[in-house]
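Enquirer: Input my_file_14.pdb, format and content: PDB, C-alpha atoms and all ligand atoms.
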```pdb
ATOM      1  CA  MET A   1     -50.963  -4.067  32.834
ATOM      2  CA  GLU A   2     -47.198  -4.142  32.366
ATOM      3  CA  LEU A   3     -45.996  -0.527  32.164
ATOM      4  CA  ASN A   4     -42.526  -1.175  30.825
ATOM      5  CA  GLY A   5     -42.424  -0.339  27.109
ATOM      6  CA  VAL A   6     -45.876   1.227  26.765
ATOM      7  CA  ALA A   7     -46.789   4.805  25.874
ATOM      8  CA  ALA A   8     -48.571   6.745  28.621
ATOM      9  CA  LEU A   9     -50.403  10.047  28.166
ATOM     10  CA  VAL A  10     -50.728  12.293  31.224
ATOM     11  CA  THR A  11     -52.823  15.460  31.093
ATOM     12  CA  GLY A  12     -51.894  18.057  33.679
ATOM     13  CA  GLY A  13     -48.512  16.322  33.722
ATOM     14  CA  ALA A  14     -46.525  19.554  34.095
ATOM     15  CA  SER A  15     -47.348  20.043  37.783
ATOM     16  CA  GLY A  16     -48.459  18.454  41.020
ATOM     17  CA  LEU A  17     -50.191  15.075  40.870
ATOM     18  CA  GLY A  18     -49.762  14.712  37.106
ATOM     19  CA  ALA A  19     -46.036  15.450  37.343
ATOM     20  CA  GLY A  20     -45.649  12.884  40.127
ATOM     21  CA  THR A  21     -47.493  10.318  38.021
ATOM     22  CA  ALA A  22     -45.393  11.131  34.940
ATOM     23  CA  ARG A  23     -42.224  10.493  36.995
ATOM     24  CA  GLU A  24     -43.625   7.233  38.382
ATOM     25  CA  LEU A  25     -44.581   6.017  34.901
ATOM     26  CA  ALA A  26     -41.151   6.887  33.490
ATOM     27  CA  ALA A  27     -39.495   5.037  36.386
ATOM     28  CA  ALA A  28     -41.639   2.015  35.481
ATOM     29  CA  GLY A  29     -40.291   2.095  31.921
ATOM     30  CA  ALA A  30     -43.168   3.838  30.130
ATOM     31  CA  GLN A  31     -42.660   6.426  27.407
ATOM     32  CA  VAL A  32     -44.526   9.394  28.847
ATOM     33  CA  VAL A  33     -46.326  12.095  26.878
ATOM     34  CA  ILE A  34     -47.161  15.151  28.981
ATOM     35  CA  ALA A  35     -50.162  17.162  27.760
ATOM     36  CA  ASP A  36     -50.531  20.460  29.589
ATOM     37  CA  LEU A  37     -51.139  24.184  29.096
ATOM     38  CA  ASN A  38     -47.914  25.029  30.932
ATOM     39  CA  MET A  39     -45.247  24.835  28.248
ATOM     40  CA  ASP A  40     -42.155  25.696  30.321
ATOM     41  CA  ALA A  41     -42.809  23.284  33.171
ATOM     42  CA  GLY A  42     -44.156  20.599  30.802
ATOM     43  CA  GLN A  43     -41.139  20.708  28.500
ATOM     44  CA  ALA A  44     -38.715  20.770  31.444
ATOM     45  CA  LEU A  45     -40.272  17.656  32.997
ATOM     46  CA  ALA A  46     -40.418  15.889  29.623
ATOM     47  CA  ASN A  47     -36.668  16.562  29.232
ATOM     48  CA  GLU A  48     -35.993  15.278  32.762
ATOM     49  CA  ILE A  49     -37.819  11.961  32.256
ATOM     50  CA  GLY A  50     -37.010  11.371  28.580
ATOM     51  CA  GLY A  51     -40.608  11.996  27.593
ATOM     52  CA  VAL A  52     -42.492  14.139  25.098
ATOM     53  CA  PHE A  53     -44.366  17.382  25.790
ATOM     54  CA  VAL A  54     -47.410  18.487  23.792
ATOM     55  CA  ALA A  55     -48.972  21.889  24.558
ATOM     56  CA  THR A  56     -52.605  20.958  25.142
ATOM     57  CA  ASP A  57     -55.832  22.447  26.421
ATOM     58  CA  VAL A  58     -57.780  19.365  27.505
ATOM     59  CA  SER A  59     -61.091  20.990  26.694
ATOM     60  CA  ASP A  60     -60.084  21.421  23.035
ATOM     61  CA  GLU A  61     -60.969  18.490  20.795
ATOM     62  CA  ASN A  62     -58.195  18.963  18.230
ATOM     63  CA  GLN A  63     -55.483  19.594  20.815
ATOM     64  CA  VAL A  64     -56.263  16.362  22.661
ATOM     65  CA  ARG A  65     -56.369  14.523  19.327
ATOM     66  CA  ALA A  66     -52.863  15.872  18.671
ATOM     67  CA  ALA A  67     -51.652  14.759  22.114
ATOM     68  CA  VAL A  68     -53.035  11.243  21.533
ATOM     69  CA  ALA A  69     -51.416  11.218  18.078
ATOM     70  CA  ALA A  70     -48.076  12.165  19.673
ATOM     71  CA  ALA A  71     -48.418   9.238  22.072
ATOM     72  CA  VAL A  72     -49.188   6.866  19.192
ATOM     73  CA  ALA A  73     -46.244   8.340  17.240
ATOM     74  CA  THR A  74     -43.810   7.255  19.983
ATOM     75  CA  GLY A  75     -44.066   3.833  18.357
ATOM     76  CA  ARG A  76     -44.992   2.233  21.709
ATOM     77  CA  PRO A  77     -48.586   1.044  22.155
ATOM     78  CA  LEU A  78     -50.729   3.628  23.964
ATOM     79  CA  ARG A  79     -51.967   1.678  26.995
ATOM     80  CA  VAL A  80     -52.158   4.277  29.753
ATOM     81  CA  ALA A  81     -54.015   7.589  29.954
ATOM     82  CA  VAL A  82     -54.147   9.677  33.114
ATOM     83  CA  ALA A  83     -56.413  12.719  33.474
ATOM     84  CA  CYS A  84     -54.870  15.097  35.995
ATOM     85  CA  ALA A  85     -55.509  18.464  34.330
ATOM     86  CA  GLY A  86     -57.837  20.459  36.493
ATOM     87  CA  ILE A  87     -58.606  23.855  37.960
ATOM     88  CA  ALA A  88     -60.004  24.939  41.294
ATOM     89  CA  TRP A  89     -62.679  27.568  41.822
ATOM     90  CA  ALA A  90     -64.381  28.991  44.899
ATOM     91  CA  ALA A  91     -67.684  30.891  44.819
ATOM     92  CA  ARG A  92     -71.024  30.401  46.529
ATOM     93  CA  THR A  93     -74.269  29.701  44.684
ATOM     94  CA  VAL A  94     -75.505  33.013  46.101
ATOM     95  CA  ASP A  95     -72.840  35.105  47.820
ATOM     96  CA  ARG A  96     -73.137  37.164  51.012
ATOM     97  CA  SER A  97     -74.112  40.241  49.007
ATOM     98  CA  GLY A  98     -76.957  38.306  47.355
ATOM     99  CA  ALA A  99     -75.257  37.977  43.947
ATOM    100  CA  PRO A 100     -75.739  34.667  42.105
ATOM    101  CA  HIS A 101     -72.726  32.546  41.051
ATOM    102  CA  ASP A 102     -71.300  33.837  37.803
ATOM    103  CA  LEU A 103     -72.192  31.405  35.007
ATOM    104  CA  ASP A 104     -69.013  31.855  32.942
ATOM    105  CA  SER A 105     -66.743  30.602  35.713
ATOM    106  CA  TYR A 106     -69.095  27.675  36.412
ATOM    107  CA  GLN A 107     -68.967  26.706  32.737
ATOM    108  CA  LYS A 108     -65.182  27.059  32.639
ATOM    109  CA  VAL A 109     -64.686  24.655  35.566
ATOM    110  CA  ILE A 110     -67.047  22.105  33.998
ATOM    111  CA  GLN A 111     -65.340  22.578  30.639
ATOM    112  CA  VAL A 112     -61.845  21.847  31.954
ATOM    113  CA  ASN A 113     -62.454  19.358  34.764
ATOM    114  CA  LEU A 114     -65.387  17.347  33.431
ATOM    115  CA  ILE A 115     -65.481  17.753  29.657
ATOM    116  CA  GLY A 116     -61.670  17.831  29.490
ATOM    117  CA  THR A 117     -61.536  14.500  31.331
ATOM    118  CA  PHE A 118     -64.107  12.938  29.017
ATOM    119  CA  ASN A 119     -62.296  14.348  25.985
ATOM    120  CA  LEU A 120     -59.133  12.487  26.996
ATOM    121  CA  LEU A 121     -61.017   9.349  27.989
ATOM    122  CA  ARG A 122     -62.858   8.968  24.691
ATOM    123  CA  LEU A 123     -59.909   9.823  22.406
ATOM    124  CA  ALA A 124     -57.323   7.777  24.318
ATOM    125  CA  ALA A 125     -59.707   4.801  24.474
ATOM    126  CA  ALA A 126     -60.277   4.964  20.712
ATOM    127  CA  ALA A 127     -56.498   4.847  20.173
ATOM    128  CA  MET A 128     -56.144   1.981  22.685
ATOM    129  CA  ALA A 129     -58.770   0.049  20.709
ATOM    130  CA  GLU A 130     -56.355   0.052  17.755
ATOM    131  CA  THR A 131     -53.619  -1.769  19.731
ATOM    132  CA  ASP A 132     -53.168  -5.518  20.025
ATOM    133  CA  PRO A 133     -54.563  -7.010  23.227
ATOM    134  CA  VAL A 134     -52.005  -8.327  25.706
ATOM    135  CA  GLY A 135     -51.891 -11.157  28.228
ATOM    136  CA  GLU A 136     -54.438 -13.793  29.163
ATOM    137  CA  ASP A 137     -57.099 -11.155  29.818
ATOM    138  CA  GLY A 138     -56.712  -9.527  26.419
ATOM    139  CA  GLU A 139     -56.220  -6.133  28.064
ATOM    140  CA  ARG A 140     -55.546  -3.144  25.816
ATOM    141  CA  GLY A 141     -55.241  -0.282  28.227
ATOM    142  CA  VAL A 142     -56.099   1.464  31.442
ATOM    143  CA  ILE A 143     -57.385   4.959  32.160
ATOM    144  CA  VAL A 144     -57.092   6.754  35.499
ATOM    145  CA  THR A 145     -59.117   9.908  36.081
ATOM    146  CA  THR A 146     -58.837  12.359  38.973
ATOM    147  CA  ALA A 147     -61.903  13.434  40.891
ATOM    148  CA  SER A 148     -61.801  14.811  44.448
ATOM    149  CA  ALA A 149     -63.255  14.242  47.886
ATOM    150  CA  ALA A 150     -65.076  17.467  47.012
ATOM    151  CA  GLY A 151     -66.928  15.518  44.312
ATOM    152  CA  ILE A 152     -68.525  13.488  47.118
ATOM    153  CA  GLU A 153     -68.826  15.920  50.053
ATOM    154  CA  GLY A 154     -68.546  19.336  48.449
ATOM    155  CA  GLN A 155     -67.842  22.213  50.798
ATOM    156  CA  ILE A 156     -69.368  25.684  50.934
ATOM    157  CA  GLY A 157     -68.163  27.594  47.894
ATOM    158  CA  GLN A 158     -67.279  24.457  45.902
ATOM    159  CA  ILE A 159     -70.462  24.201  43.832
ATOM    160  CA  ALA A 160     -68.721  24.371  40.436
ATOM    161  CA  TYR A 161     -65.682  22.304  41.416
ATOM    162  CA  SER A 162     -67.787  19.663  43.193
ATOM    163  CA  ALA A 163     -70.174  19.347  40.257
ATOM    164  CA  SER A 164     -67.224  18.855  37.905
ATOM    165  CA  LYS A 165     -65.621  16.208  40.122
ATOM    166  CA  GLY A 166     -68.916  14.493  40.894
ATOM    167  CA  GLY A 167     -69.314  14.220  37.135
ATOM    168  CA  VAL A 168     -65.919  12.530  36.848
ATOM    169  CA  ILE A 169     -66.975  10.023  39.525
ATOM    170  CA  GLY A 170     -70.282   9.443  37.741
ATOM    171  CA  MET A 171     -68.436   8.732  34.497
ATOM    172  CA  THR A 172     -66.316   5.929  35.957
ATOM    173  CA  LEU A 173     -68.754   2.999  35.908
ATOM    174  CA  PRO A 174     -70.451   3.687  32.554
ATOM    175  CA  ALA A 175     -67.064   4.322  30.936
ATOM    176  CA  ALA A 176     -65.691   1.051  32.313
ATOM    177  CA  ARG A 177     -68.808  -0.729  31.040
ATOM    178  CA  ASP A 178     -68.568   0.890  27.612
ATOM    179  CA  LEU A 179     -64.872   0.128  27.261
ATOM    180  CA  ALA A 180     -64.959  -3.459  28.554
ATOM    181  CA  ALA A 181     -65.611  -4.617  24.993
ATOM    182  CA  ILE A 182     -62.206  -3.283  23.941
ATOM    183  CA  GLY A 183     -60.325  -4.448  27.046
ATOM    184  CA  VAL A 184     -59.836  -1.041  28.637
ATOM    185  CA  ARG A 185     -60.253  -0.453  32.386
ATOM    186  CA  VAL A 186     -61.259   2.841  33.980
ATOM    187  CA  ASN A 187     -60.590   3.862  37.576
ATOM    188  CA  THR A 188     -60.878   7.171  39.395
ATOM    189  CA  ILE A 189     -58.828   8.584  42.238
ATOM    190  CA  ALA A 190     -60.581  10.953  44.635
ATOM    191  CA  PRO A 191     -57.869  12.809  46.581
ATOM    192  CA  GLY A 192     -58.346  14.688  49.821
ATOM    193  CA  ILE A 193     -55.770  17.415  50.461
ATOM    194  CA  LEU A 194     -52.458  16.772  48.691
ATOM    195  CA  GLU A 195     -49.490  19.164  48.590
ATOM    196  CA  THR A 196     -49.357  20.704  45.098
ATOM    197  CA  PRO A 197     -49.246  24.195  43.559
ATOM    198  CA  ILE A 198     -53.060  24.120  43.107
ATOM    199  CA  TYR A 199     -53.460  25.907  46.466
ATOM    200  CA  GLY A 200     -51.229  28.819  45.438
ATOM    201  CA  GLU A 201     -48.270  30.255  47.349
ATOM    202  CA  GLY A 202     -47.588  32.476  50.316
ATOM    203  CA  GLU A 203     -48.836  32.750  53.895
ATOM    204  CA  GLY A 204     -52.499  32.913  52.828
ATOM    205  CA  ALA A 205     -52.185  29.590  50.980
ATOM    206  CA  GLU A 206     -50.312  27.994  53.917
ATOM    207  CA  GLU A 207     -53.026  29.123  56.336
ATOM    208  CA  PHE A 208     -55.723  27.766  53.984
ATOM    209  CA  LYS A 209     -53.965  24.381  53.839
ATOM    210  CA  ARG A 210     -53.576  24.263  57.651
ATOM    211  CA  ARG A 211     -57.321  24.760  57.945
ATOM    212  CA  LEU A 212     -58.032  22.027  55.401
ATOM    213  CA  VAL A 213     -55.730  19.553  57.140
ATOM    214  CA  ALA A 214     -57.153  20.089  60.650
ATOM    215  CA  PRO A 215     -59.957  17.467  60.268
ATOM    216  CA  VAL A 216     -57.669  14.809  58.688
ATOM    217  CA  PRO A 217     -57.708  11.839  61.141
ATOM    218  CA  PHE A 218     -54.325  10.231  60.318
ATOM    219  CA  PRO A 219     -51.666  10.922  59.219
ATOM    220  CA  LYS A 220     -52.302  14.558  60.152
ATOM    221  CA  ARG A 221     -50.618  16.195  57.176
ATOM    222  CA  LEU A 222     -51.149  16.858  53.496
ATOM    223  CA  GLY A 223     -50.681  13.877  51.202
ATOM    224  CA  THR A 224     -47.995  13.986  48.537
ATOM    225  CA  ALA A 225     -47.877  13.696  44.763
ATOM    226  CA  GLY A 226     -45.660  10.637  45.267
ATOM    227  CA  GLU A 227     -48.392   8.920  47.295
ATOM    228  CA  PHE A 228     -50.944   9.743  44.587
ATOM    229  CA  ALA A 229     -48.589   8.400  41.907
ATOM    230  CA  LYS A 230     -48.070   5.115  43.762
ATOM    231  CA  LEU A 231     -51.844   4.640  43.956
ATOM    232  CA  ALA A 232     -52.237   5.487  40.262
ATOM    233  CA  ARG A 233     -49.544   2.934  39.445
ATOM    234  CA  ALA A 234     -51.255   0.256  41.531
ATOM    235  CA  LEU A 235     -54.530   0.914  39.704
ATOM    236  CA  MET A 236     -52.709   0.530  36.385
ATOM    237  CA  GLU A 237     -50.712  -2.585  37.290
ATOM    238  CA  ASN A 238     -53.488  -4.499  39.065
ATOM    239  CA  SER A 239     -55.794  -5.610  36.276
ATOM    240  CA  TYR A 240     -58.623  -6.738  38.539
ATOM    241  CA  ILE A 241     -59.309  -3.202  39.749
ATOM    242  CA  ASN A 242     -61.893  -1.738  37.390
ATOM    243  CA  ALA A 243     -64.738   0.805  37.572
ATOM    244  CA  ASP A 244     -63.539   1.841  41.021
ATOM    245  CA  VAL A 245     -63.364   5.203  42.781
ATOM    246  CA  VAL A 246     -60.550   5.149  45.323
ATOM    247  CA  ARG A 247     -60.048   7.861  47.941
ATOM    248  CA  ILE A 248     -56.587   8.957  49.092
ATOM    249  CA  ASP A 249     -57.185  11.311  51.977
ATOM    250  CA  GLY A 250     -55.852  10.100  55.351
ATOM    251  CA  GLY A 251     -59.456   9.310  56.317
ATOM    252  CA  LEU A 252     -60.666  12.882  55.743
ATOM    253  CA  ARG A 253     -64.373  13.522  55.224
ATOM    254  CA  LEU A 254     -64.717  17.160  54.285
ATOM    255  CA  PRO A 255     -66.761  19.269  56.699
ATOM    256  CA  PRO A 256     -69.144  21.926  55.288
ATOM    257  CA  LYS A 257     -66.334  24.509  55.390
TER     258      LYS A 257
HETATM  259  N1  LIG B 301     -53.988  18.809  45.221
HETATM  260  C1  LIG B 301     -55.107  18.420  45.803
HETATM  261  O1  LIG B 301     -55.256  18.479  47.037
HETATM  262  C2  LIG B 301     -56.232  17.874  44.978
HETATM  263  C3  LIG B 301     -57.338  17.370  45.666
HETATM  264  C4  LIG B 301     -58.386  16.840  44.928
HETATM  265  C5  LIG B 301     -58.326  16.810  43.555
HETATM  266  N2  LIG B 301     -57.238  17.314  42.927
HETATM  267  C6  LIG B 301     -57.244  17.269  41.465
HETATM  268  O2  LIG B 301     -56.039  16.711  41.001
HETATM  269  C7  LIG B 301     -55.752  17.200  39.704
HETATM  270  C8  LIG B 301     -54.320  17.714  39.682
HETATM  271  O3  LIG B 301     -54.252  18.822  40.539
HETATM  272  P1  LIG B 301     -52.899  19.342  41.207
HETATM  273  O4  LIG B 301     -53.190  19.502  42.635
HETATM  274  O5  LIG B 301     -51.770  18.509  40.745
HETATM  275  O6  LIG B 301     -52.866  20.816  40.579
HETATM  276  P2  LIG B 301     -51.733  21.616  39.783
HETATM  277  O7  LIG B 301     -52.277  22.978  39.631
HETATM  278  O8  LIG B 301     -50.411  21.418  40.450
HETATM  279  O9  LIG B 301     -51.688  20.886  38.378
HETATM  280  C9  LIG B 301     -52.723  20.974  37.459
HETATM  281  C10 LIG B 301     -52.123  20.994  36.058
HETATM  282  O10 LIG B 301     -53.217  21.034  35.128
HETATM  283  C11 LIG B 301     -52.863  21.928  34.102
HETATM  284  N3  LIG B 301     -54.073  22.433  33.446
HETATM  285  C12 LIG B 301     -55.015  23.274  33.953
HETATM  286  N4  LIG B 301     -55.960  23.504  33.027
HETATM  287  C13 LIG B 301     -55.617  22.803  31.922
HETATM  288  C14 LIG B 301     -56.186  22.639  30.646
HETATM  289  N5  LIG B 301     -57.327  23.264  30.292
HETATM  290  N6  LIG B 301     -55.568  21.837  29.760
HETATM  291  C15 LIG B 301     -54.418  21.207  30.093
HETATM  292  N7  LIG B 301     -53.811  21.339  31.282
HETATM  293  C16 LIG B 301     -54.412  22.125  32.188
HETATM  294  C17 LIG B 301     -52.073  23.032  34.787
HETATM  295  O11 LIG B 301     -51.281  23.747  33.866
HETATM  296  C18 LIG B 301     -51.247  22.228  35.793
HETATM  297  O12 LIG B 301     -50.012  21.839  35.242
HETATM  298  C19 LIG B 301     -56.802  18.278  39.412
HETATM  299  O13 LIG B 301     -57.815  17.713  38.616
HETATM  300  C20 LIG B 301     -57.327  18.624  40.796
HETATM  301  O14 LIG B 301     -58.647  19.120  40.740
HETATM  302  C21 LIG B 301     -56.203  17.857  43.603
END
```
In structure tokens, what does this structure look like?

Expert:
Amino acid sequence: MELNGVAALVTGGASGLGAGTARELAAAGAQVVIADLNMDAGQALANEIGGVFVATDVSDENQVRAAVAAAVATGRPLRVAVACAGIAWAARTVDRSGAPHDLDSYQKVIQVNLIGTFNLLRLAAAAMAETDPVGEDGERGVIVTTASAAGIEGQIGQIAYSASKGGVIGMTLPAARDLAAIGVRVNTIAPGILETPIYGEGEGAEEFKRRLVAPVPFPKRLGTAGEFAKLARALMENSYINADVVRIDGGLRLPPK
């Protein structure tokens, strides 16, 4: 898929991996629409890259419809959608005091990470179906979703987050099969530990990240949003990659904790 001249919608594009991907897409010549809850950071990045910001909660049907409509309204064909919006959560199924996991927070994580991803996927794909196919393959678009290594080897306390990300991984193949008829590819990135604001700030967050990085084989550091963005771009530009789940993790396999 040629990125120059297309419209690209990035949820979670105000921060971290989504922001890195928005920058990469803009550098490739795409008109980027950032859909995020964070209005200040989203608008600032949209200004920086000549894009459009739409205040969006990915779990809300009408708000994602509006974000897709904004992408279509750029006048460029919507050919790229990236799902980066996500939230982290840590709680055990039964905690040390014997209390069961609170159901509201479990539902919230599923709502944002899993249902929010599907909400973008279905609405962006429907808009892509309205575009003219391009090239010898008749491709209309490409969708990249973001899971996590935790969706494969969930750690202690990651029951909600892992279920949400495992769901995103499980969606990849059936979505790619469903959307083949309209020439849309679907791939998923499963990151390990990448440096973004998702881990919070301060000494506690730094200590947490040091602990997470310890079992990374090589290179022994956190990955970067730029490295994620380059992978996302490769998945978009290389049309033969479809229905795939690609890890970016320095070889990390998450231990139980
Ligand atoms: N950073 C990592 O190490 C890592 C590892 C594995 C997976 N991931 C996943 O990558 C994705 C991006 O994470 P990040 O590290 O860049 O985090 P981040 O916190 O820097 O960015 C997430 C963005 O999503 C937005 N967001 C949250 N809820 C939203 C909602 N309901 N609607 C719209 N926007 C919403 C936030 O405002 C924020 O801008 C997430 O899905 C995360 O689970 C990150």

Enquirer: Give the residue list for ligand LIG 301 (chain B) at 8 Å, counting all atoms listed in the file, as a PyMOL selection string, sorted by chain and then by residue number.

Expert: chain A and resi 11-19+35-38+41-42+55-60+83-88+112-113+116+146-150+161+165+190-199+222-223+225

Enquirer: Taking the file as shown, what set of residues would the PyMOL selection byres (((chain A and resi 204-215) around 9) and not hetatm) give back, as a list in words?

Expert: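 Checked against the file, the PyMOL selection byres (((chain A and resi 204-215) around 9) and not hetatm) matches Ile193, Glu195, Tyr199, Gly200, Glu201, Gly202, Glu203, Val216, Pro217, Lys220, Arg221, Leu222, Leu252, Arg253, Leu254, Pro255 and Lys257 of chain A.
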
Enquirer: Assuming 8 Å of padding per side, give the centre and edge lengths of the axis-aligned box around every listed atom of stretch 148-166 of chain A, in Å to one decimal and as JSON.

Expert:
```
{"center_x": -66.1, "center_y": 20.5, "center_z": 44.4, "size_x": 24.7, "size_y": 30.1, "size_z": 29.0}
```

Enquirer: Hey, what's within 12 Å of A:Gly138 if we count all atoms listed in the file and toss same-chain stuff fewer than 6 positions away? As a list in words, please?

Expert: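 Contacts, in chain order: Met1, Ala129, Thr131, Asp132, Ala180, Ala181, Ile182, Gly183, Val184, Arg185 and Ser239 of chain A.
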
Enquirer: Can you pull out the residues contacting A:Leu179? Cut-off 12 Å, using all atoms listed in the file, and skip same-chain residues under 3 positions away; I want them as a list in words.

Expert: Leu121, Arg122, Leu123, Ala124, Ala125, Ala126, Ala127, Met128, Ala129, Glu139, Arg140, Gly141, Val142, Ile143, Met171, Thr172, Leu173, Pro174, Ala175, Ala176, Ile182, Gly183, Val184, Arg185, Val186, Asn187, Asn242 and Ala243 of chain A

Enquirer: Excluding A:Ala8 and any residue of its chain fewer than 6 positions from it, enumerate the residues within 10 Å of it, using all atoms listed in the file, and give them as a list of chain:residue names.

Expert: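 Surrounding residues, per the criterion: A:Ala22, A:Leu25, A:Ala26, A:Ala30, A:Gln31, A:Val32, A:Val33, A:Ile34, A:Gly51, A:Val68, A:Ala71, A:Val72, A:Thr74, A:Arg76, A:Pro77, A:Leu78, A:Arg79, A:Val80, A:Ala81, A:Val82, A:Ala124, A:Gly141, A:Val142, A:Ile143.
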
Enquirer: Taking into account all atoms listed in the file, which residue in the set A:Val168, A:Ile241, A:Ala28, A:Val54 is nearest to A:Asp40?

Expert: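 Comparing A:Val168, A:Ile241, A:Ala28, A:Val54 against A:Asp40, the winner is A:Val54.
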
Enquirer: I'd like the interatomic distance between atom CA of A:Ala91 and atom CA of A:Ala160, to a tenth of an Å.

Expert: 7.9 Å

Enquirer: From the set A:Gly20, A:Trp89, A:Val134, A:Lys230, which residue has the shortest atom-to-atom contact distance to A:Ala163, counting only C-alpha atoms?

Expert: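 Closest to A:Ala163, using only C-alpha atoms: A:Trp89.
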
Enquirer: To one decimal place in Å, what is the distance between atom CA of A:Glu227 and atom CA of A:Val246?

Expert: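 Those two atoms sit 12.9 Å apart.
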
Enquirer: Distance atom CA of A:Ala46-atom CA of A:Gly29, one decimal place?

Expert: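 Separating atom CA of A:Ala46 from atom CA of A:Gly29 is a distance of 14.0 Å.
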
Enquirer: From the list A:Phe218, A:Glu2, A:Leu235, A:Val64, which residue is nearest A:Gly251 when using only C-alpha atoms?

Expert: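 Using only C-alpha atoms, the shortest distance to A:Gly251 belongs to A:Phe218.
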
Enquirer: Choose the residue, out of A:Thr145, A:Ser162, A:Ser105, A:Thr224, that has the smallest atom-to-atom separation from A:Gly250; count only C-alpha atoms.

Expert: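 Closest to A:Gly250, using only C-alpha atoms: A:Thr224.
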
Enquirer: Mind completing stretch 234-246 of chain A with N, CA and C atoms? Output as a PDB file, in the frame of the given file, please?

Expert:
```
ATOM      1  N   ALA A 234     -50.610   1.500  41.090  1.00  0.00           N
ATOM      2  CA  ALA A 234     -51.255   0.256  41.531  1.00  0.00           C
ATOM      3  C   ALA A 234     -52.535   0.006  40.732  1.00  0.00           C
ATOM      4  N   LEU A 235     -53.286   1.068  40.480  1.00  0.00           N
ATOM      5  CA  LEU A 235     -54.530   0.914  39.704  1.00  0.00           C
ATOM      6  C   LEU A 235     -54.231   0.492  38.264  1.00  0.00           C
ATOM      7  N   MET A 236     -53.085   0.921  37.750  1.00  0.00           N
ATOM      8  CA  MET A 236     -52.709   0.530  36.385  1.00  0.00           C
ATOM      9  C   MET A 236     -52.218  -0.919  36.352  1.00  0.00           C
ATOM     10  N   GLU A 237     -51.377  -1.278  37.347  1.00  0.00           N
ATOM     11  CA  GLU A 237     -50.712  -2.585  37.290  1.00  0.00           C
ATOM     12  C   GLU A 237     -51.622  -3.729  37.723  1.00  0.00           C
ATOM     13  N   ASN A 238     -52.610  -3.439  38.561  1.00  0.00           N
ATOM     14  CA  ASN A 238     -53.488  -4.499  39.065  1.00  0.00           C
ATOM     15  C   ASN A 238     -54.743  -4.579  38.190  1.00  0.00           C
ATOM     16  N   SER A 239     -54.753  -5.563  37.311  1.00  0.00           N
ATOM     17  CA  SER A 239     -55.794  -5.610  36.276  1.00  0.00           C
ATOM     18  C   SER A 239     -57.181  -5.940  36.792  1.00  0.00           C
ATOM     19  N   TYR A 240     -57.271  -6.392  38.059  1.00  0.00           N
ATOM     20  CA  TYR A 240     -58.623  -6.738  38.539  1.00  0.00           C
ATOM     21  C   TYR A 240     -59.323  -5.539  39.160  1.00  0.00           C
ATOM     22  N   ILE A 241     -58.646  -4.412  39.226  1.00  0.00           N
ATOM     23  CA  ILE A 241     -59.309  -3.202  39.749  1.00  0.00           C
ATOM     24  C   ILE A 241     -59.898  -2.452  38.561  1.00  0.00           C
ATOM     25  N   ASN A 242     -61.207  -2.377  38.522  1.00  0.00           N
ATOM     26  CA  ASN A 242     -61.893  -1.738  37.390  1.00  0.00           C
ATOM     27  C   ASN A 242     -63.174  -1.063  37.881  1.00  0.00           C
ATOM     28  N   ALA A 243     -63.500   0.066  37.270  1.00  0.00           N
ATOM     29  CA  ALA A 243     -64.738   0.805  37.572  1.00  0.00           C
ATOM     30  C   ALA A 243     -64.772   1.275  39.016  1.00  0.00           C
ATOM     31  N   ASP A 244     -63.592   1.500  39.598  1.00  0.00           N
ATOM     32  CA  ASP A 244     -63.539   1.841  41.021  1.00  0.00           C
ATOM     33  C   ASP A 244     -63.232   3.317  41.231  1.00  0.00           C
ATOM     34  N   VAL A 245     -63.713   3.846  42.335  1.00  0.00           N
ATOM     35  CA  VAL A 245     -63.364   5.203  42.781  1.00  0.00           C
ATOM     36  C   VAL A 245     -62.643   5.036  44.119  1.00  0.00           C
ATOM     37  N   VAL A 246     -61.373   5.382  44.136  1.00  0.00           N
ATOM     38  CA  VAL A 246     -60.550   5.149  45.323  1.00  0.00           C
ATOM     39  C   VAL A 246     -60.158   6.481  45.941  1.00  0.00           C
TER      40      VAL A 246
END
```
